[in-house]
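Participant: So here's run01.pdb (PDB, C-alpha atoms and all ligand atoms).
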```pdb
ATOM      1  CA  MET J   1      91.213  37.816 120.735
ATOM      2  CA  LEU J   2      91.547  41.526 119.969
ATOM      3  CA  HIS J   3      88.533  42.918 118.080
ATOM      4  CA  ILE J   4      89.426  46.000 116.033
ATOM      5  CA  VAL J   5      87.130  48.101 113.850
ATOM      6  CA  TYR J   6      88.862  49.820 110.943
ATOM      7  CA  ASP J   7      88.323  50.906 107.346
ATOM      8  CA  ASP J   8      90.877  52.329 104.911
ATOM      9  CA  GLY J   9      88.373  55.169 104.429
ATOM     10  CA  TYR J  10      89.212  56.457 107.937
ATOM     11  CA  ASN J  11      92.396  57.925 106.460
ATOM     12  CA  VAL J  12      92.686  61.221 104.602
ATOM     13  CA  GLU J  13      96.092  60.781 103.021
ATOM     14  CA  SER J  14      96.374  64.378 101.785
ATOM     15  CA  LEU J  15      96.566  65.539 105.421
ATOM     16  CA  GLY J  16      99.900  63.779 105.882
ATOM     17  CA  PRO J  17     100.863  61.635 108.910
ATOM     18  CA  VAL J  18      97.933  62.872 111.044
ATOM     19  CA  GLY J  19      95.479  61.841 108.346
ATOM     20  CA  SER J  20      97.075  58.399 107.893
ATOM     21  CA  ARG J  21      97.582  57.491 111.548
ATOM     22  CA  TYR J  22      94.767  54.904 111.542
ATOM     23  CA  LYS J  23      96.350  52.880 108.750
ATOM     24  CA  VAL J  24      99.798  53.052 110.340
ATOM     25  CA  THR J  25      98.369  51.867 113.661
ATOM     26  CA  LEU J  26      96.815  48.794 112.039
ATOM     27  CA  GLU J  27     100.013  48.042 110.101
ATOM     28  CA  HIS J  28     101.950  48.144 113.375
ATOM     29  CA  LEU J  29      99.419  45.840 115.078
ATOM     30  CA  LYS J  30      99.687  43.342 112.237
ATOM     31  CA  THR J  31     103.469  43.138 112.648
ATOM     32  CA  VAL J  32     103.189  42.205 116.332
ATOM     33  CA  ILE J  33      99.860  40.452 116.972
ATOM     34  CA  PRO J  34      99.350  37.043 115.344
ATOM     35  CA  PRO J  35      96.425  36.876 112.880
ATOM     36  CA  GLU J  36      94.602  34.298 114.989
ATOM     37  CA  ILE J  37      94.422  36.883 117.811
ATOM     38  CA  LEU J  38      93.830  40.057 115.774
ATOM     39  CA  GLN J  39      90.344  40.210 114.272
ATOM     40  CA  VAL J  40      89.659  43.263 112.103
ATOM     41  CA  HIS J  41      86.023  44.232 111.437
ATOM     42  CA  THR J  42      84.731  46.836 108.998
ATOM     43  CA  PRO J  43      82.177  49.391 110.241
ATOM     44  CA  ALA J  44      78.502  48.466 109.834
ATOM     45  CA  GLU J  45      76.195  51.109 108.345
ATOM     46  CA  PHE J  46      74.574  53.647 110.649
ATOM     47  CA  ALA J  47      72.937  56.989 109.818
ATOM     48  CA  VAL J  48      74.385  60.097 111.476
ATOM     49  CA  SER J  49      70.835  61.503 111.503
ATOM     50  CA  ALA J  50      70.124  59.241 114.505
ATOM     51  CA  SER J  51      72.067  61.547 116.823
ATOM     52  CA  HIS J  52      72.063  64.930 115.055
ATOM     53  CA  THR J  53      69.430  67.556 114.369
ATOM     54  CA  ALA J  54      68.269  67.883 110.768
ATOM     55  CA  GLU J  55      69.198  71.584 110.950
ATOM     56  CA  TYR J  56      72.839  70.801 111.742
ATOM     57  CA  LEU J  57      73.159  68.196 108.994
ATOM     58  CA  GLU J  58      71.661  70.724 106.559
ATOM     59  CA  THR J  59      74.428  73.220 107.424
ATOM     60  CA  LEU J  60      77.051  70.680 106.316
ATOM     61  CA  LYS J  61      76.044  71.399 102.720
ATOM     62  CA  ASP J  62      77.738  74.777 103.171
ATOM     63  CA  PRO J  63      81.579  74.659 103.076
ATOM     64  CA  GLU J  64      81.688  77.633 105.449
ATOM     65  CA  THR J  65      80.340  75.370 108.229
ATOM     66  CA  PHE J  66      83.329  73.061 107.876
ATOM     67  CA  LYS J  67      85.754  75.946 107.937
ATOM     68  CA  SER J  68      84.541  77.072 111.347
ATOM     69  CA  ILE J  69      84.906  73.498 112.682
ATOM     70  CA  PHE J  70      88.456  73.068 111.382
ATOM     71  CA  GLU J  71      89.852  76.565 111.656
ATOM     72  CA  LEU J  72      91.728  75.843 114.873
ATOM     73  CA  ALA J  73      93.966  73.371 113.097
ATOM     74  CA  PHE J  74      94.117  74.317 109.435
ATOM     75  CA  PHE J  75      92.088  75.421 106.426
ATOM     76  CA  PRO J  76      91.230  72.351 104.326
ATOM     77  CA  THR J  77      90.633  72.514 100.597
ATOM     78  CA  ALA J  78      87.182  71.636  99.162
ATOM     79  CA  ASP J  79      88.379  68.143  98.214
ATOM     80  CA  GLU J  80      89.837  67.598 101.674
ATOM     81  CA  LEU J  81      86.544  68.657 103.265
ATOM     82  CA  THR J  82      84.690  66.007 101.274
ATOM     83  CA  ASP J  83      87.272  63.378 102.268
ATOM     84  CA  ILE J  84      87.215  64.392 105.943
ATOM     85  CA  GLU J  85      83.410  64.235 106.072
ATOM     86  CA  ARG J  86      83.416  60.769 104.485
ATOM     87  CA  ALA J  87      86.166  59.591 106.866
ATOM     88  CA  GLN J  88      84.403  60.872 109.976
ATOM     89  CA  ARG J  89      81.067  59.313 108.921
ATOM     90  CA  LEU J  90      82.870  55.981 108.654
ATOM     91  CA  GLN J  91      84.556  56.477 112.024
ATOM     92  CA  TYR J  92      81.166  57.302 113.591
ATOM     93  CA  CYS J  93      79.846  53.993 112.222
ATOM     94  CA  GLY J  94      83.009  52.309 113.495
ATOM     95  CA  THR J  95      82.432  53.476 117.061
ATOM     96  CA  LEU J  96      78.875  52.089 116.998
ATOM     97  CA  THR J  97      80.169  48.822 115.523
ATOM     98  CA  ALA J  98      82.900  48.581 118.179
ATOM     99  CA  ALA J  99      80.264  49.099 120.900
ATOM    100  CA  ASP J 100      78.302  46.099 119.559
ATOM    101  CA  LEU J 101      81.491  44.019 119.470
ATOM    102  CA  ALA J 102      82.371  45.063 123.016
ATOM    103  CA  LEU J 103      78.949  43.878 124.178
ATOM    104  CA  GLN J 104      79.577  40.515 122.496
ATOM    105  CA  HIS J 105      83.205  40.005 123.468
ATOM    106  CA  GLY J 106      83.854  42.243 126.482
ATOM    107  CA  PHE J 107      86.398  44.472 124.742
ATOM    108  CA  ALA J 108      86.657  46.065 121.297
ATOM    109  CA  VAL J 109      88.534  48.997 119.807
ATOM    110  CA  ASN J 110      87.646  51.478 117.089
ATOM    111  CA  LEU J 111      90.905  52.564 115.388
ATOM    112  CA  GLY J 112      89.351  55.997 114.944
ATOM    113  CA  GLY J 113      86.352  57.874 116.333
ATOM    114  CA  GLY J 114      86.174  59.558 119.717
ATOM    115  CA  LEU J 115      84.864  62.723 118.047
ATOM    116  CA  HIS J 116      84.060  64.219 121.415
ATOM    117  CA  HIS J 117      83.673  67.899 120.513
ATOM    118  CA  ALA J 118      80.684  67.336 118.189
ATOM    119  CA  SER J 119      77.190  67.683 119.662
ATOM    120  CA  ARG J 120      73.699  67.016 118.305
ATOM    121  CA  LYS J 121      73.432  70.602 117.081
ATOM    122  CA  ALA J 122      76.953  71.442 115.944
ATOM    123  CA  GLY J 123      80.381  70.270 114.898
ATOM    124  CA  SER J 124      83.368  71.666 116.773
ATOM    125  CA  GLY J 125      87.119  71.259 117.222
ATOM    126  CA  PHE J 126      87.750  69.055 114.165
ATOM    127  CA  CYS J 127      84.791  66.779 115.062
ATOM    128  CA  LEU J 128      81.768  66.554 112.761
ATOM    129  CA  PHE J 129      79.740  63.659 114.174
ATOM    130  CA  ASN J 130      78.996  62.821 117.811
ATOM    131  CA  ASP J 131      79.818  59.121 117.852
ATOM    132  CA  ILE J 132      79.966  58.850 121.660
ATOM    133  CA  THR J 133      76.472  60.319 122.056
ATOM    134  CA  ALA J 134      75.285  57.946 119.316
ATOM    135  CA  VAL J 135      76.547  54.902 121.250
ATOM    136  CA  VAL J 136      74.834  56.088 124.444
ATOM    137  CA  ASP J 137      71.553  56.763 122.580
ATOM    138  CA  ARG J 138      71.584  53.381 120.908
ATOM    139  CA  LEU J 139      72.495  51.305 123.964
ATOM    140  CA  LEU J 140      69.893  53.025 126.134
ATOM    141  CA  GLU J 141      67.162  52.837 123.465
ATOM    142  CA  THR J 142      67.738  49.151 122.809
ATOM    143  CA  GLY J 143      68.130  48.342 126.505
ATOM    144  CA  LYS J 144      71.546  46.790 125.853
ATOM    145  CA  ALA J 145      72.938  48.994 128.614
ATOM    146  CA  LYS J 146      71.271  50.993 131.356
ATOM    147  CA  ARG J 147      74.181  52.700 133.121
ATOM    148  CA  ILE J 148      76.974  53.913 130.857
ATOM    149  CA  LEU J 149      80.296  55.256 132.132
ATOM    150  CA  ILE J 150      82.340  57.456 129.788
ATOM    151  CA  ILE J 151      86.055  57.621 130.662
ATOM    152  CA  ASP J 152      87.619  60.368 128.554
ATOM    153  CA  LEU J 153      91.403  60.714 128.909
ATOM    154  CA  ASP J 154      92.013  62.750 125.740
ATOM    155  CA  ALA J 155      93.788  66.041 126.544
ATOM    156  CA  HIS J 156      90.675  68.048 125.655
ATOM    157  CA  GLN J 157      87.351  68.280 127.460
ATOM    158  CA  GLY J 158      84.564  66.163 125.895
ATOM    159  CA  ASN J 159      82.266  69.143 125.564
ATOM    160  CA  GLY J 160      80.144  67.738 122.700
ATOM    161  CA  TYR J 161      78.715  64.660 124.412
ATOM    162  CA  GLU J 162      78.695  66.531 127.745
ATOM    163  CA  GLU J 163      76.237  68.983 126.202
ATOM    164  CA  ASP J 164      74.202  66.173 124.607
ATOM    165  CA  LEU J 165      73.961  63.906 127.641
ATOM    166  CA  TRP J 166      73.194  66.308 130.505
ATOM    167  CA  GLU J 167      69.678  64.909 130.978
ATOM    168  CA  HIS J 168      70.939  61.328 130.943
ATOM    169  CA  CYS J 169      73.522  62.312 133.576
ATOM    170  CA  GLN J 170      70.769  63.806 135.715
ATOM    171  CA  ALA J 171      68.677  60.640 135.286
ATOM    172  CA  GLY J 172      71.527  58.393 136.491
ATOM    173  CA  GLN J 173      71.932  56.693 133.096
ATOM    174  CA  VAL J 174      75.304  58.224 132.223
ATOM    175  CA  CYS J 175      78.358  59.007 134.345
ATOM    176  CA  ILE J 176      81.273  61.035 132.991
ATOM    177  CA  PHE J 177      84.915  60.752 134.109
ATOM    178  CA  ASP J 178      86.839  63.387 132.172
ATOM    179  CA  ALA J 179      90.527  64.316 132.456
ATOM    180  CA  TYR J 180      91.573  67.365 130.458
ATOM    181  CA  GLN J 181      93.862  70.364 130.294
ATOM    182  CA  PRO J 182      91.549  73.129 131.516
ATOM    183  CA  MET J 183      93.156  76.084 129.729
ATOM    184  CA  ILE J 184      93.089  74.822 126.118
ATOM    185  CA  PHE J 185      90.225  74.294 123.634
ATOM    186  CA  PRO J 186      87.236  74.176 124.276
ATOM    187  CA  PHE J 187      87.906  76.665 127.070
ATOM    188  CA  PRO J 188      86.020  78.872 127.851
ATOM    189  CA  GLU J 189      82.899  77.452 126.088
ATOM    190  CA  GLY J 190      83.480  74.091 127.750
ATOM    191  CA  GLU J 191      82.793  75.672 131.131
ATOM    192  CA  LEU J 192      79.101  75.849 130.180
ATOM    193  CA  VAL J 193      78.715  72.065 130.001
ATOM    194  CA  LYS J 194      81.078  70.840 132.699
ATOM    195  CA  GLN J 195      78.171  70.314 135.118
ATOM    196  CA  SER J 196      77.715  66.991 133.284
ATOM    197  CA  ILE J 197      81.097  65.790 134.607
ATOM    198  CA  HIS J 198      81.024  63.620 137.730
ATOM    199  CA  TYR J 199      84.769  62.987 138.072
ATOM    200  CA  TYR J 200      87.517  65.307 136.820
ATOM    201  CA  ILE J 201      91.316  65.187 136.739
ATOM    202  CA  PRO J 202      93.201  68.233 135.369
ATOM    203  CA  TYR J 203      96.246  67.615 133.172
ATOM    204  CA  ILE J 204      99.349  69.495 134.308
ATOM    205  CA  PRO J 205     101.702  70.561 131.451
ATOM    206  CA  GLU J 206     104.937  69.700 133.302
ATOM    207  CA  ASP J 207     103.742  66.226 134.382
ATOM    208  CA  ARG J 208     105.467  63.309 132.631
ATOM    209  CA  GLY J 209     102.613  61.045 133.631
ATOM    210  CA  ASP J 210     103.519  59.948 137.185
ATOM    211  CA  CYS J 211     101.271  62.547 138.754
ATOM    212  CA  PHE J 212      98.392  61.667 136.433
ATOM    213  CA  ILE J 213      98.699  57.890 136.911
ATOM    214  CA  ASP J 214      98.665  58.490 140.659
ATOM    215  CA  SER J 215      95.426  60.508 140.365
ATOM    216  CA  LEU J 216      93.942  57.923 137.999
ATOM    217  CA  LEU J 217      94.696  55.047 140.375
ATOM    218  CA  LYS J 218      93.112  56.987 143.240
ATOM    219  CA  GLY J 219      90.005  57.959 141.255
ATOM    220  CA  ILE J 220      89.212  55.263 138.695
ATOM    221  CA  ASN J 221      87.470  52.892 141.100
ATOM    222  CA  LYS J 222      85.035  55.522 142.360
ATOM    223  CA  PRO J 223      82.558  55.410 139.449
ATOM    224  CA  PHE J 224      82.579  51.610 139.644
ATOM    225  CA  GLU J 225      81.810  51.723 143.383
ATOM    226  CA  GLU J 226      79.343  54.625 143.219
ATOM    227  CA  PHE J 227      77.650  54.386 139.793
ATOM    228  CA  TYR J 228      77.834  50.638 138.962
ATOM    229  CA  PRO J 229      78.183  50.947 135.163
ATOM    230  CA  ASP J 230      77.090  48.104 132.894
ATOM    231  CA  PHE J 231      79.018  49.493 129.903
ATOM    232  CA  VAL J 232      82.132  51.669 129.547
ATOM    233  CA  ILE J 233      83.129  53.944 126.675
ATOM    234  CA  TYR J 234      86.858  54.693 126.885
ATOM    235  CA  ASN J 235      87.984  57.691 124.841
ATOM    236  CA  ALA J 236      91.735  57.053 124.701
ATOM    237  CA  GLY J 237      93.157  60.199 123.094
ATOM    238  CA  THR J 238      96.955  60.246 123.009
ATOM    239  CA  ASP J 239      97.316  64.002 122.570
ATOM    240  CA  THR J 240      98.521  64.056 126.189
ATOM    241  CA  MET J 241     101.861  62.693 125.003
ATOM    242  CA  GLU J 242     105.139  64.612 124.862
ATOM    243  CA  GLY J 243     105.782  66.134 121.447
ATOM    244  CA  ASP J 244     102.101  66.645 120.676
ATOM    245  CA  PRO J 245     102.003  69.798 118.544
ATOM    246  CA  VAL J 246      98.481  70.756 119.655
ATOM    247  CA  THR J 247      98.373  70.347 123.441
ATOM    248  CA  LYS J 248     102.031  70.684 124.548
ATOM    249  CA  LEU J 249     101.511  68.160 127.336
ATOM    250  CA  GLY J 250     104.351  65.904 128.450
ATOM    251  CA  GLN J 251     103.227  62.333 129.180
ATOM    252  CA  THR J 252     105.676  59.623 128.175
ATOM    253  CA  ALA J 253     104.763  56.689 125.948
ATOM    254  CA  GLU J 254     105.085  54.440 129.021
ATOM    255  CA  ALA J 255     102.553  56.584 130.890
ATOM    256  CA  ILE J 256     100.081  56.213 127.989
ATOM    257  CA  LYS J 257     100.475  52.432 128.088
ATOM    258  CA  ASP J 258     100.131  52.390 131.881
ATOM    259  CA  ARG J 259      96.946  54.489 131.890
ATOM    260  CA  ASP J 260      95.311  52.373 129.156
ATOM    261  CA  LEU J 261      96.106  49.211 131.078
ATOM    262  CA  VAL J 262      94.742  50.719 134.316
ATOM    263  CA  VAL J 263      91.430  51.564 132.589
ATOM    264  CA  ILE J 264      90.988  48.232 130.815
ATOM    265  CA  GLU J 265      92.055  46.153 133.830
ATOM    266  CA  THR J 266      89.643  48.095 136.046
ATOM    267  CA  CYS J 267      86.788  47.324 133.626
ATOM    268  CA  ARG J 268      87.816  43.673 133.530
ATOM    269  CA  ARG J 269      87.922  43.380 137.307
ATOM    270  CA  ALA J 270      84.427  44.921 137.448
ATOM    271  CA  LYS J 271      83.319  42.544 134.639
ATOM    272  CA  VAL J 272      82.020  45.459 132.564
ATOM    273  CA  SER J 273      82.285  45.527 128.740
ATOM    274  CA  VAL J 274      84.428  48.346 127.390
ATOM    275  CA  MET J 275      84.666  49.978 123.966
ATOM    276  CA  MET J 276      87.839  51.998 123.345
ATOM    277  CA  CYS J 277      88.257  54.602 120.617
ATOM    278  CA  MET J 278      91.374  56.377 119.406
ATOM    279  CA  SER J 279      90.312  60.056 119.516
ATOM    280  CA  GLY J 280      93.008  62.792 119.443
ATOM    281  CA  GLY J 281      96.785  62.475 119.078
ATOM    282  CA  TYR J 282      98.831  64.420 116.582
ATOM    283  CA  GLY J 283     102.485  63.567 117.260
ATOM    284  CA  GLU J 284     104.532  61.366 114.909
ATOM    285  CA  ASP J 285     104.755  58.486 117.395
ATOM    286  CA  VAL J 286     101.002  58.270 118.051
ATOM    287  CA  PRO J 287     100.176  55.271 115.818
ATOM    288  CA  HIS J 288     103.051  53.244 117.284
ATOM    289  CA  VAL J 289     102.348  54.138 120.902
ATOM    290  CA  PHE J 290      98.621  53.441 120.478
ATOM    291  CA  ALA J 291      99.397  50.105 118.815
ATOM    292  CA  GLU J 292     101.972  49.129 121.461
ATOM    293  CA  SER J 293      99.456  49.998 124.159
ATOM    294  CA  LEU J 294      96.961  47.562 122.600
ATOM    295  CA  VAL J 295      99.718  44.947 122.403
ATOM    296  CA  ASN J 296     100.350  45.562 126.105
ATOM    297  CA  ILE J 297      96.619  45.153 126.875
ATOM    298  CA  VAL J 298      96.438  41.928 124.896
ATOM    299  CA  GLY J 299      99.500  40.757 126.767
ATOM    300  CA  ILE J 300     101.615  39.567 123.849
ATOM    301  CA  GLY J 301     104.894  38.377 125.302
ATOM    302  CA  SER J 302     103.513  38.058 128.816
ATOM    303  CA  GLY J 303     101.278  35.031 128.497
ATOM    304  CA  GLY J 304      98.239  36.623 126.899
ATOM    305  CA  LYS J 305      95.510  38.420 128.809
ATOM    306  CA  ILE J 306      92.654  38.250 126.297
TER     307      ILE J 306
HETATM  308 ZN    ZN D   1      92.156  66.065 122.116
END
```
Rewrite the coordinates I just gave you, this time as structure tokens.
Facilitator:
Amino acid sequence: MLHIVYDDGYNVESLGPVGSRYKVTLEHLKTVIPPEILQVHTPAEFAVSASHTAEYLETLKDPETFKSIFELAFFPTADELTDIERAQRLQYCGTLTAADLALQHGFAVNLGGGLHHASRKAGSGFCLFNDITAVVDRLLETGKAKRILIIDLDAHQGNGYEEDLWEHCQAGQVCIFDAYQPMIFPFPEGELVKQSIHYYIPYIPEDRGDCFIDSLLKGINKPFEEFYPDFVIYNAGTDTMEGDPVTKLGQTAEAIKDRDLVVIETCRRAKVSVMMCMSGGYGEDVPHVFAESLVNIVGIGSGGKI
């Protein structure tokens, strides 16, 4: 069974293909995965105030705040800002819902979320709400997990939760494995929070994926052998793929599928529940590659792995 969290409200149609990639991903999944295997859940309700300061949420009443968060990519209209805020609130709830489903079933996916540049005090880099921090807070507070490993393979550094979770990292409750291209956003600000990172792999622009998969295979077992996680958050950004207009990295679609399978199989072997979220990815093929990667994980056509 593949447990997916999704809501039509994740999409902001006026932003074009990037804003509709969640819907297209689900449509692709539905064409390949039989309905008795694909279970789609809607996000439960959670308040973003659980993981943000009241001061930051107050600033979201001012459109100028949004502009500074989105200026790297584009300048949204007032209507688009309202739609983006609504969509990202839903995706935040979706990540928390997927974490609960992963605890129940071993594996669940939010077809959205992974808003890893947002911190408790600020939005940043197109991310308004810190869903990854929120999952860590909630699992630790409820005692549902005690040692959480974050594996972040999006092309960008996860500076938001790295800022938020420094004390948890120091206390041995959180371990961060982050691969990113060091010379793009959030450089140089990201340098200030990289002391939270335990394991790091740099992305190399000319690499088609072979070099990265080699590094991943060499490094992925270390946090399992040294930290002993009881829950994994996998931030599976596909903006590392060739043709991505934002990062200019060169991984092939096959490399994306290989890396996702390496991560999920490693969690399975360690018998640790894993929640995967979609995060970045701005090329035209992203919804199809992400969907095909999930098909590969489920094992459709190869006997079924879930
Ligand atoms: Zn990214």
Participant: Could you work out how far CA of Lys144 in chain J lies from CA of Val272 in chain J, giving the answer in Å with one decimal?
Facilitator: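 Separating CA of Val272 in chain J from CA of Lys144 in chain J is a distance of 12.5 Å.
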Participant: Name all residues at most 12 Å from Glu162 in chain J (count only C-alpha atoms; drop same-chain ones fewer than 5 positions away) and give them as a ChimeraX atom specification.
Facilitator: /J:116-120,130,132-133,136,150-152,157,167-170,174-178,186,189-198
Participant: Running the PyMOL selection byres (((not hetatm)) within 10 of (chain D and resi 1)) on this model by hand, what would come out? Give it as JSON, numbers by chain.
Facilitator: {"J": [114, 115, 116, 117, 125, 126, 152, 153, 154, 155, 156, 157, 158, 180, 181, 184, 185, 186, 235, 236, 237, 238, 239, 240, 246, 247, 279, 280, 281, 282]}
Participant: Once the PyMOL selection byres (((chain J and resi 50) around 12) and not hetatm) has been evaluated on this model, what residues remain selected, and can you format them as a short mmCIF file (atom, residue, chain, number, x, y, z; two decimals) with C-alpha atoms, in the frame of the given file?
Facilitator:
```cif
data_model
loop_
_atom_site.label_atom_id
_atom_site.label_comp_id
_atom_site.auth_asym_id
_atom_site.auth_seq_id
_atom_site.Cartn_x
_atom_site.Cartn_y
_atom_site.Cartn_z
CA GLU J 45 76.19 51.11 108.34
CA PHE J 46 74.57 53.65 110.65
CA ALA J 47 72.94 56.99 109.82
CA VAL J 48 74.39 60.10 111.48
CA SER J 49 70.83 61.50 111.50
CA SER J 51 72.07 61.55 116.82
CA HIS J 52 72.06 64.93 115.06
CA THR J 53 69.43 67.56 114.37
CA ALA J 54 68.27 67.88 110.77
CA LEU J 57 73.16 68.20 108.99
CA TYR J 92 81.17 57.30 113.59
CA CYS J 93 79.85 53.99 112.22
CA LEU J 96 78.88 52.09 117.00
CA ARG J 120 73.70 67.02 118.30
CA PHE J 129 79.74 63.66 114.17
CA ASN J 130 79.00 62.82 117.81
CA ASP J 131 79.82 59.12 117.85
CA THR J 133 76.47 60.32 122.06
CA ALA J 134 75.28 57.95 119.32
CA VAL J 135 76.55 54.90 121.25
CA VAL J 136 74.83 56.09 124.44
CA ASP J 137 71.55 56.76 122.58
CA ARG J 138 71.58 53.38 120.91
CA GLU J 141 67.16 52.84 123.46
#
```
Participant: Taking only residues of range 86-128 of chain J that have an atom at most 9 Å from an atom of range 63-80 of chain J, what is each one's shortest atom pair and its distance in Å to one decimal, using all atoms listed in the file, in chain and number order, as a Markdown table?
Facilitator:
```
| residue | atom | partner | partner_atom | distance |
| --- | --- | --- | --- | --- |
| J:Ala122 | CA | J:Ile69 | CA | 8.8 |
| J:Gly123 | CA | J:Ile69 | CA | 6.0 |
| J:Ser124 | CA | J:Ile69 | CA | 4.7 |
| J:Gly125 | CA | J:Ile69 | CA | 5.5 |
| J:Phe126 | CA | J:Phe70 | CA | 4.9 |
| J:Cys127 | CA | J:Ile69 | CA | 7.1 |
| J:Leu128 | CA | J:Ile69 | CA | 7.6 |
```
Participant: Give the answer as one residue: which of J:Thr142, J:Thr266, J:Ser20, J:Thr42 has the shortest atom-to-atom distance to Pro287 in chain J, using all atoms listed in the file?
Facilitator: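 Closest residue, counting all atoms listed in the file: J:Ser20.
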Participant: If the PyMOL selection byres (((chain J and resi 253-261) around 10) and not hetatm) is run on the structure shown, which residues does it catch, given as a PyMOL selection string?
Facilitator: chain J and resi 153+208-214+216-217+234+236-242+250-252+262-267+276+285-286+288-298
